[in-house]
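Structure data follow from start_35.cif (mmCIF, C-alpha atoms):
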data_model
#
loop_
_atom_site.group_PDB
_atom_site.id
_atom_site.type_symbol
_atom_site.label_atom_id
_atom_site.label_comp_id
_atom_site.auth_asym_id
_atom_site.auth_seq_id
_atom_site.Cartn_x
_atom_site.Cartn_y
_atom_site.Cartn_z
ATOM 1 C CA MET A 1065 -29.916 17.622 -16.393
ATOM 2 C CA ASN A 1066 -30.097 21.270 -17.346
ATOM 3 C CA TYR A 1067 -31.711 23.787 -15.007
ATOM 4 C CA SER A 1068 -31.097 26.808 -17.287
ATOM 5 C CA GLN A 1069 -29.877 28.900 -14.359
ATOM 6 C CA PHE A 1070 -26.567 30.705 -13.829
ATOM 7 C CA CYS A 1071 -26.650 29.832 -10.096
ATOM 8 C CA PRO A 1072 -23.472 27.863 -9.270
ATOM 9 C CA VAL A 1073 -25.508 25.454 -7.143
ATOM 10 C CA ALA A 1074 -27.647 24.693 -10.193
ATOM 11 C CA LYS A 1075 -24.614 24.264 -12.446
ATOM 12 C CA ALA A 1076 -22.882 21.966 -9.939
ATOM 13 C CA THR A 1077 -26.062 19.942 -9.534
ATOM 14 C CA GLU A 1078 -26.238 19.412 -13.292
ATOM 15 C CA ILE A 1079 -23.099 17.275 -12.853
ATOM 16 C CA LEU A 1080 -23.510 15.911 -9.351
ATOM 17 C CA GLY A 1081 -27.272 15.516 -9.046
ATOM 18 C CA GLU A 1082 -27.758 12.354 -11.101
ATOM 19 C CA ARG A 1083 -28.531 9.189 -9.139
ATOM 20 C CA TRP A 1084 -25.371 7.300 -8.034
ATOM 21 C CA THR A 1085 -22.991 10.122 -8.996
ATOM 22 C CA ILE A 1086 -22.200 11.247 -5.441
ATOM 23 C CA LEU A 1087 -21.550 7.643 -4.381
ATOM 24 C CA ILE A 1088 -19.282 7.077 -7.403
ATOM 25 C CA LEU A 1089 -17.285 10.123 -6.313
ATOM 26 C CA ARG A 1090 -17.170 8.728 -2.777
ATOM 27 C CA GLU A 1091 -15.631 5.505 -4.058
ATOM 28 C CA LEU A 1092 -13.082 7.356 -6.198
ATOM 29 C CA LEU A 1093 -12.067 9.612 -3.320
ATOM 30 C CA MET A 1094 -11.809 6.630 -0.954
ATOM 31 C CA GLY A 1095 -9.315 4.953 -3.285
ATOM 32 C CA GLY A 1096 -11.388 2.941 -5.772
ATOM 33 C CA ARG A 1097 -9.643 2.773 -9.133
ATOM 34 C CA ARG A 1098 -10.796 -0.227 -11.164
ATOM 35 C CA PHE A 1099 -14.275 -0.738 -12.543
ATOM 36 C CA ASN A 1100 -14.968 -3.897 -10.521
ATOM 37 C CA GLU A 1101 -13.761 -2.223 -7.328
ATOM 38 C CA LEU A 1102 -16.038 0.755 -7.910
ATOM 39 C CA GLN A 1103 -18.968 -1.542 -8.607
ATOM 40 C CA ARG A 1104 -18.245 -3.558 -5.463
ATOM 41 C CA GLY A 1105 -18.416 -0.446 -3.304
ATOM 42 C CA LEU A 1106 -21.624 0.730 -4.972
ATOM 43 C CA GLY A 1107 -23.582 -2.506 -4.751
ATOM 44 C CA ASP A 1108 -26.738 -2.517 -6.849
ATOM 45 C CA ILE A 1109 -25.628 -0.240 -9.688
ATOM 46 C CA SER A 1110 -25.676 -1.928 -13.107
ATOM 47 C CA PRO A 1111 -22.446 -2.089 -15.139
ATOM 48 C CA THR A 1112 -24.158 -0.168 -17.948
ATOM 49 C CA LEU A 1113 -25.185 2.694 -15.666
ATOM 50 C CA LEU A 1114 -21.767 2.848 -13.984
ATOM 51 C CA THR A 1115 -20.113 3.012 -17.404
ATOM 52 C CA SER A 1116 -22.453 5.830 -18.402
ATOM 53 C CA ARG A 1117 -21.820 7.825 -15.223
ATOM 54 C CA LEU A 1118 -18.032 7.414 -15.477
ATOM 55 C CA LYS A 1119 -18.108 8.553 -19.094
ATOM 56 C CA LEU A 1120 -20.059 11.679 -18.144
ATOM 57 C CA LEU A 1121 -17.695 12.448 -15.272
ATOM 58 C CA GLU A 1122 -14.739 12.014 -17.615
ATOM 59 C CA GLU A 1123 -16.314 14.426 -20.123
ATOM 60 C CA ARG A 1124 -16.850 16.953 -17.322
ATOM 61 C CA GLY A 1125 -13.229 16.748 -16.170
ATOM 62 C CA ILE A 1126 -14.028 15.066 -12.851
ATOM 63 C CA VAL A 1127 -12.477 11.669 -13.665
ATOM 64 C CA ALA A 1128 -9.391 10.718 -15.685
ATOM 65 C CA ARG A 1129 -9.404 7.279 -17.308
ATOM 66 C CA ARG A 1130 -6.001 5.626 -17.730
ATOM 67 C CA ARG A 1131 -5.129 2.311 -19.365
ATOM 68 C CA ILE A 1132 -3.565 -0.211 -16.978
ATOM 69 C CA GLY A 1133 0.029 -0.750 -18.020
ATOM 70 C CA GLY A 1134 0.619 -4.188 -19.543
ATOM 71 C CA GLN A 1135 -2.948 -5.282 -18.863
ATOM 72 C CA ARG A 1136 -6.391 -5.028 -20.350
ATOM 73 C CA GLY A 1137 -8.786 -2.510 -18.896
ATOM 74 C CA HIS A 1138 -8.596 0.945 -17.385
ATOM 75 C CA GLU A 1139 -8.265 2.667 -14.053
ATOM 76 C CA TYR A 1140 -10.245 5.731 -13.021
ATOM 77 C CA TRP A 1141 -8.478 8.533 -11.186
ATOM 78 C CA PRO A 1142 -9.906 11.623 -9.496
ATOM 79 C CA THR A 1143 -8.831 14.887 -11.086
ATOM 80 C CA ILE A 1144 -8.070 18.069 -9.142
ATOM 81 C CA ALA A 1145 -11.721 19.046 -9.596
ATOM 82 C CA CYS A 1146 -12.790 15.723 -8.077
ATOM 83 C CA GLU A 1147 -10.383 16.015 -5.150
ATOM 84 C CA ALA A 1148 -11.806 19.464 -4.430
ATOM 85 C CA LEU A 1149 -15.125 17.729 -3.731
ATOM 86 C CA LEU A 1150 -13.761 15.759 -0.742
ATOM 87 C CA PRO A 1151 -14.745 18.382 1.883
ATOM 88 C CA VAL A 1152 -18.159 18.625 0.189
ATOM 89 C CA LEU A 1153 -18.703 14.868 0.549
ATOM 90 C CA ILE A 1154 -17.463 14.956 4.152
ATOM 91 C CA ALA A 1155 -19.949 17.749 4.867
ATOM 92 C CA ILE A 1156 -22.771 15.748 3.256
ATOM 93 C CA GLY A 1157 -21.838 12.729 5.376
ATOM 94 C CA GLU A 1158 -21.741 14.795 8.562
ATOM 95 C CA TRP A 1159 -25.129 16.283 7.701
ATOM 96 C CA GLY A 1160 -26.396 12.731 7.230
ATOM 97 C CA LEU A 1161 -25.047 11.713 10.652
ATOM 98 C CA ASN A 1162 -27.109 14.448 12.255
ATOM 99 C CA TRP A 1163 -30.295 14.489 10.208
ATOM 100 C CA THR A 1164 -30.945 11.131 8.522
ATOM 101 C CA ARG A 1165 -30.177 8.407 11.049
ATOM 102 C CA GLU A 1166 -33.844 7.902 11.882
ATOM 103 C CA MET A 1167 -34.179 6.678 8.276
ATOM 104 C CA LEU A 1168 -31.879 3.685 8.874
ATOM 105 C CA VAL A 1169 -33.412 0.238 8.381
ATOM 106 C CA GLU A 1170 -31.971 -3.201 9.154
ATOM 107 C CA GLU A 1171 -31.087 -3.815 5.520
ATOM 108 C CA ASP A 1172 -28.753 -0.796 5.577
ATOM 109 C CA PHE A 1173 -26.375 -2.708 7.867
ATOM 110 C CA ASN A 1174 -25.050 -4.641 4.894
ATOM 111 C CA LEU A 1175 -22.277 -7.074 5.814
ATOM 112 C CA ASP A 1176 -20.727 -7.150 2.323
ATOM 113 C CA PHE A 1177 -20.438 -3.373 2.398
ATOM 114 C CA LEU A 1178 -19.080 -3.343 5.948
ATOM 115 C CA MET A 1179 -16.389 -5.909 5.103
ATOM 116 C CA PHE A 1180 -15.456 -3.982 1.961
ATOM 117 C CA TYR A 1181 -14.792 -0.892 4.052
ATOM 118 C CA LEU A 1182 -12.974 -2.842 6.762
ATOM 119 C CA GLU A 1183 -10.761 -4.273 4.018
ATOM 120 C CA ARG A 1184 -10.100 -0.752 2.781
ATOM 121 C CA SER A 1185 -9.360 0.441 6.339
ATOM 122 C CA ILE A 1186 -6.502 -1.977 7.046
ATOM 123 C CA ASP A 1187 -3.102 -0.274 7.165
ATOM 124 C CA PRO A 1188 -0.597 -3.022 6.225
ATOM 125 C CA GLY A 1189 2.306 -0.844 7.305
ATOM 126 C CA LYS A 1190 1.099 -1.007 10.921
ATOM 127 C CA LEU A 1191 0.998 -4.812 10.960
ATOM 128 C CA PRO A 1192 4.187 -6.743 11.823
ATOM 129 C CA GLY A 1193 5.672 -8.784 8.997
ATOM 130 C CA ASP A 1194 4.393 -9.165 5.458
ATOM 131 C CA HIS A 1195 1.469 -11.515 6.099
ATOM 132 C CA SER A 1196 -1.469 -11.324 8.501
ATOM 133 C CA VAL A 1197 -4.915 -12.898 8.765
ATOM 134 C CA ILE A 1198 -7.823 -11.354 10.678
ATOM 135 C CA ARG A 1199 -10.975 -13.410 11.224
ATOM 136 C CA PHE A 1200 -14.424 -11.958 11.917
ATOM 137 C CA LYS A 1201 -17.192 -14.132 13.314
ATOM 138 C CA PHE A 1202 -20.612 -12.454 13.221
ATOM 139 C CA THR A 1203 -22.814 -14.206 15.731
ATOM 140 C CA ASP A 1204 -26.010 -12.713 14.304
ATOM 141 C CA MET A 1205 -25.442 -14.221 10.851
ATOM 142 C CA THR A 1206 -26.772 -17.714 10.140
ATOM 143 C CA GLU A 1207 -25.307 -17.808 6.626
ATOM 144 C CA GLN A 1208 -21.610 -17.044 6.169
ATOM 145 C CA PRO A 1209 -20.887 -15.980 9.771
ATOM 146 C CA ASN A 1210 -17.104 -16.228 9.268
ATOM 147 C CA TRP A 1211 -15.133 -13.764 7.150
ATOM 148 C CA TRP A 1212 -11.390 -13.251 6.847
ATOM 149 C CA LEU A 1213 -9.157 -10.364 5.866
ATOM 150 C CA ARG A 1214 -5.888 -11.604 4.386
ATOM 151 C CA VAL A 1215 -2.989 -9.154 4.276
ATOM 152 C CA ASP A 1216 -0.158 -10.047 1.913
ATOM 153 C CA GLN A 1217 2.443 -7.279 1.931
ATOM 154 C CA GLN A 1218 0.445 -4.238 0.733
ATOM 155 C CA ILE A 1219 -2.520 -6.214 -0.624
ATOM 156 C CA VAL A 1220 -5.618 -6.680 1.537
ATOM 157 C CA GLU A 1221 -8.520 -8.851 0.459
ATOM 158 C CA VAL A 1222 -11.706 -10.284 1.914
ATOM 159 C CA CYS A 1223 -11.897 -14.094 1.964
ATOM 160 C CA LEU A 1224 -15.027 -16.184 2.415
ATOM 161 C CA THR A 1225 -13.011 -19.315 3.153
ATOM 162 C CA ALA A 1226 -10.198 -19.679 5.655
ATOM 163 C CA PRO A 1227 -6.765 -18.790 4.220
ATOM 164 C CA ALA A 1228 -3.975 -21.313 4.612
ATOM 165 C CA SER A 1229 -2.094 -19.039 7.036
ATOM 166 C CA ASP A 1230 -2.705 -18.978 10.787
ATOM 167 C CA VAL A 1231 -5.109 -16.351 12.128
ATOM 168 C CA ASP A 1232 -3.425 -13.481 13.980
ATOM 169 C CA VAL A 1233 -6.529 -11.711 15.362
ATOM 170 C CA TYR A 1234 -10.052 -13.003 16.028
ATOM 171 C CA PHE A 1235 -13.088 -10.711 16.229
ATOM 172 C CA THR A 1236 -16.345 -12.172 17.556
ATOM 173 C CA THR A 1237 -19.243 -9.734 17.424
ATOM 174 C CA THR A 1238 -22.402 -8.714 15.568
ATOM 175 C CA VAL A 1239 -22.720 -6.701 12.378
ATOM 176 C CA ARG A 1240 -24.309 -3.827 14.287
ATOM 177 C CA THR A 1241 -21.563 -3.739 16.924
ATOM 178 C CA MET A 1242 -18.787 -3.783 14.328
ATOM 179 C CA HIS A 1243 -20.551 -0.982 12.464
ATOM 180 C CA ASP A 1244 -20.836 1.023 15.675
ATOM 181 C CA VAL A 1245 -17.169 0.780 16.666
ATOM 182 C CA TRP A 1246 -15.878 1.411 13.135
ATOM 183 C CA MET A 1247 -18.182 4.388 12.613
ATOM 184 C CA GLY A 1248 -17.303 5.863 16.005
ATOM 185 C CA ASP A 1249 -20.656 5.387 17.745
ATOM 186 C CA ARG A 1250 -18.930 3.202 20.354
ATOM 187 C CA THR A 1251 -15.336 2.691 21.442
ATOM 188 C CA TYR A 1252 -13.602 -0.659 21.204
ATOM 189 C CA ARG A 1253 -13.061 -0.572 24.956
ATOM 190 C CA GLU A 1254 -16.760 -0.054 25.729
ATOM 191 C CA ALA A 1255 -17.872 -2.741 23.261
ATOM 192 C CA VAL A 1256 -15.369 -5.236 24.727
ATOM 193 C CA ARG A 1257 -16.294 -4.372 28.313
ATOM 194 C CA SER A 1258 -20.000 -4.902 27.574
ATOM 195 C CA GLY A 1259 -19.308 -8.304 26.010
ATOM 196 C CA ASP A 1260 -20.620 -7.236 22.601
ATOM 197 C CA LEU A 1261 -17.152 -7.600 21.077
ATOM 198 C CA ILE A 1262 -14.447 -10.165 21.776
ATOM 199 C CA ILE A 1263 -10.974 -9.564 20.341
ATOM 200 C CA GLU A 1264 -8.371 -12.296 20.736
ATOM 201 C CA GLY A 1265 -4.924 -12.791 19.310
ATOM 202 C CA GLU A 1266 -1.412 -11.394 19.477
ATOM 203 C CA LEU A 1267 -1.199 -8.763 22.208
ATOM 204 C CA ALA A 1268 0.756 -6.392 19.969
ATOM 205 C CA LEU A 1269 -2.249 -6.304 17.624
ATOM 206 C CA THR A 1270 -5.148 -6.496 20.058
ATOM 207 C CA ARG A 1271 -3.836 -3.759 22.360
ATOM 208 C CA ASN A 1272 -4.529 -0.936 19.864
ATOM 209 C CA VAL A 1273 -6.724 -2.166 17.036
ATOM 210 C CA SER A 1274 -7.494 1.293 15.665
ATOM 211 C CA SER A 1275 -3.802 1.826 14.811
ATOM 212 C CA TRP A 1276 -3.959 -0.796 12.034
ATOM 213 C CA LEU A 1277 -7.730 -0.971 11.443
ATOM 214 C CA ARG A 1278 -8.392 2.671 10.739
ATOM 215 C CA PRO A 1279 -11.811 4.006 11.761
ATOM 216 C CA SER A 1280 -14.297 5.672 9.452
ATOM 217 C CA VAL A 1281 -13.519 9.212 8.316
ATOM 218 C CA PHE A 1282 -16.623 10.158 10.324
ATOM 219 C CA ALA A 1283 -15.462 8.530 13.559
ATOM 220 C CA ASN A 1284 -14.882 11.860 15.307
ATOM 221 C CA SER A 1285 -17.807 13.738 13.775
ATOM 222 C CA ASP A 1286 -20.778 14.970 15.779
ATOM 223 C CA ARG A 1287 -23.887 12.871 15.235
ATOM 224 C CA ALA A 1288 -27.355 11.947 16.299
ATOM 225 C CA PRO A 1289 -27.597 8.486 17.875
ATOM 226 C CA VAL A 1290 -28.673 5.491 15.839
ATOM 227 C CA PRO A 1291 -32.243 4.663 16.941
ATOM 228 C CA HIS A 1292 -32.320 1.796 19.424
ATOM 229 C CA ALA A 1293 -34.972 -0.074 17.408
ATOM 230 C CA ILE A 1294 -34.158 -0.345 13.707
ATOM 231 C CA PRO A 1295 -37.137 -1.289 11.506
ATOM 232 C CA ARG A 1296 -37.017 -3.617 8.543
ATOM 233 C CA ALA A 1297 -37.445 -2.105 5.119
ATOM 234 C CA ALA A 1298 -41.016 -2.032 3.868
#

So, in terms of structure tokens, how does the structure I just supplied come out?
Amino acid sequence: MNYSQFCPVAKATEILGERWTILILRELLMGGRRFNELQRGLGDISPTLLTSRLKLLEERGIVARRRIGGQRGHEYWPTIACEALLPVLIAIGEWGLNWTREMLVEEDFNLDFLMFYLERSIDPGKLPGDHSVIRFKFTDMTEQPNWWLRVDQQIVEVCLTAPASDVDVYFTTTVRTMHDVWMGDRTYREAVRSGDLIIEGELALTRNVSSWLRPSVFANSDRAPVPHAIPRAA
């Protein structure tokens, strides 16, 4: 895009205004480094389009591509210019919390996306020992209601089948409730008290879940409420 204007908003938008670009920057700034990881956080973007956007961002000095040592493939790292965009993205997200929540539809509460961010939110250093398993049972899902997060030292991954290790913490809830507590719309205590969330397991882990399952970066931001009735997408 070229707006042919000296306005810095116009010049910034020439880089940032293409479809998917802001979300690619979100993934980079949230820790995504490998192509498959970026694509997983973005969802419907095609590999060809993601490659094109990353190449443009690299040319503009927003992304640095580095070969993975001893392996095939590359990693993508945010440059100083990219890191300077973090408060901009936070501000966009906070604006969205206040002015776009009436646009939410049921399909936006995507379980794959939620589990990806829960995986990313685990802090292995706050879990005792080198290995932990957390199971989520979503009572509103008829297909694949059970999901697991397996923590092996510093590696966290989502599993669709039960790991061989014993489960340390059990969550039983709905997708909407887990979204609400992670995003900061509800507290764990309120969700548990209402019966919308059941957390069982080792007391050391269930007593303060948010110490090892970090909340969204927007958890403490001001917001409009999510509408009580969420429509389906047209």

Using the chain letters and numbering of this document, enumerate as number ranges by chain the residues selected by the PyMOL selection byres ((chain A and resi 1193-1203) around 9). A: 1188-1189, 1191-1192, 1204-1206, 1208-1218, 1226-1227, 1229-1239, 1242

Computed interatomic separation between atom CA of Asp1187 of chain A and atom CA of Leu1277 of chain A (Å): 6.3 Å

For this file, the PyMOL selection byres ((chain A and resi 1110-1124) around 10) selects which residues, as a PyMOL selection string? chain A and resi 1079-1080+1082-1085+1088-1089+1099-1100+1102-1103+1106-1109+1125-1129+1140-1143+1145-1146

Written file, previous selection with C-alpha atoms, as an mmCIF file, in the frame of the given file:
data_model
loop_
_atom_site.group_PDB
_atom_site.id
_atom_site.type_symbol
_atom_site.label_atom_id
_atom_site.label_comp_id
_atom_site.auth_asym_id
_atom_site.auth_seq_id
_atom_site.Cartn_x
_atom_site.Cartn_y
_atom_site.Cartn_z
ATOM 1 C CA ILE A 1079 -23.099 17.275 -12.853
ATOM 2 C CA LEU A 1080 -23.510 15.911 -9.351
ATOM 3 C CA GLU A 1082 -27.758 12.354 -11.101
ATOM 4 C CA ARG A 1083 -28.531 9.189 -9.139
ATOM 5 C CA TRP A 1084 -25.371 7.300 -8.034
ATOM 6 C CA THR A 1085 -22.991 10.122 -8.996
ATOM 7 C CA ILE A 1088 -19.282 7.077 -7.403
ATOM 8 C CA LEU A 1089 -17.285 10.123 -6.313
ATOM 9 C CA PHE A 1099 -14.275 -0.738 -12.543
ATOM 10 C CA ASN A 1100 -14.968 -3.897 -10.521
ATOM 11 C CA LEU A 1102 -16.038 0.755 -7.910
ATOM 12 C CA GLN A 1103 -18.968 -1.542 -8.607
ATOM 13 C CA LEU A 1106 -21.624 0.730 -4.972
ATOM 14 C CA GLY A 1107 -23.582 -2.506 -4.751
ATOM 15 C CA ASP A 1108 -26.738 -2.517 -6.849
ATOM 16 C CA ILE A 1109 -25.628 -0.240 -9.688
ATOM 17 C CA GLY A 1125 -13.229 16.748 -16.170
ATOM 18 C CA ILE A 1126 -14.028 15.066 -12.851
ATOM 19 C CA VAL A 1127 -12.477 11.669 -13.665
ATOM 20 C CA ALA A 1128 -9.391 10.718 -15.685
ATOM 21 C CA ARG A 1129 -9.404 7.279 -17.308
ATOM 22 C CA TYR A 1140 -10.245 5.731 -13.021
ATOM 23 C CA TRP A 1141 -8.478 8.533 -11.186
ATOM 24 C CA PRO A 1142 -9.906 11.623 -9.496
ATOM 25 C CA THR A 1143 -8.831 14.887 -11.086
ATOM 26 C CA ALA A 1145 -11.721 19.046 -9.596
ATOM 27 C CA CYS A 1146 -12.790 15.723 -8.077
#

Using all atoms listed in the file, pick whichever of A:Val1273, A:Val1169, A:Met1094, A:Ala1155 has the shortest atom-to-atom distance to Pro1295 of chain A. A:Val1169

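Atom CA of Glu1254 of chain A is positioned 16.9 Å from atom CA of His1292 of chain A.
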
Carefully work through the PyMOL selection byres ((chain A and resi 1294) around 12) for this structure and note down the residues it includes, as a ChimeraX atom specification. /A:1165-1173,1240,1289-1293,1295-1297

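Pairwise distance (atom CA of Gln1135 of chain A, atom CA of Glu1101 of chain A) equals 16.1 Å.
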
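Minimum atom-to-atom distance to Ser1275 of chain A, evaluated using all atoms listed in the file, belongs to A:Ile1186 out of A:Ile1186, A:Met1065, A:Ile1144, A:Leu1153.
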
The residue from A:Ser1285, A:Leu1224, A:Arg1098, A:Arg1253 with the smallest atom-to-atom distance to Asn1272 of chain A, counting all atoms listed in the file, is A:Arg1253

Using all atoms of segment 1094-1109 of chain A listed in the file and a margin of 3 Å per side, can you give the axis-aligned box centre and edge lengths in Å to one decimal, as AutoDock Vina command-line options?
--center_x -18.0 --center_y 1.4 --center_z -6.7 --size_x 23.4 --size_y 16.5 --size_z 17.6

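The nearest approach to Asp1286 of chain A among the residues A:Glu1207, A:Trp1159, A:Ala1298, A:Leu1267, with all atoms listed in the file taken into account, belongs to A:Trp1159.
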
Excluding Glu1183 of chain A and residues on its chain fewer than 4 positions from it, collect all residues at most 8 Å away from it, counting all atoms listed in the file, and give them as number ranges by chain. A: 1179, 1213, 1220-1222

Take the selection from the previous step and output its residues with C-alpha atoms, as a tab-separated table (two decimals), in the coordinates of the input.
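Below is the file that was written, out-v4.tsv:
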chain	number	residue	atom	x	y	z
A	1179	MET	CA	-16.39	-5.91	5.10
A	1213	LEU	CA	-9.16	-10.36	5.87
A	1220	VAL	CA	-5.62	-6.68	1.54
A	1221	GLU	CA	-8.52	-8.85	0.46
A	1222	VAL	CA	-11.71	-10.28	1.91
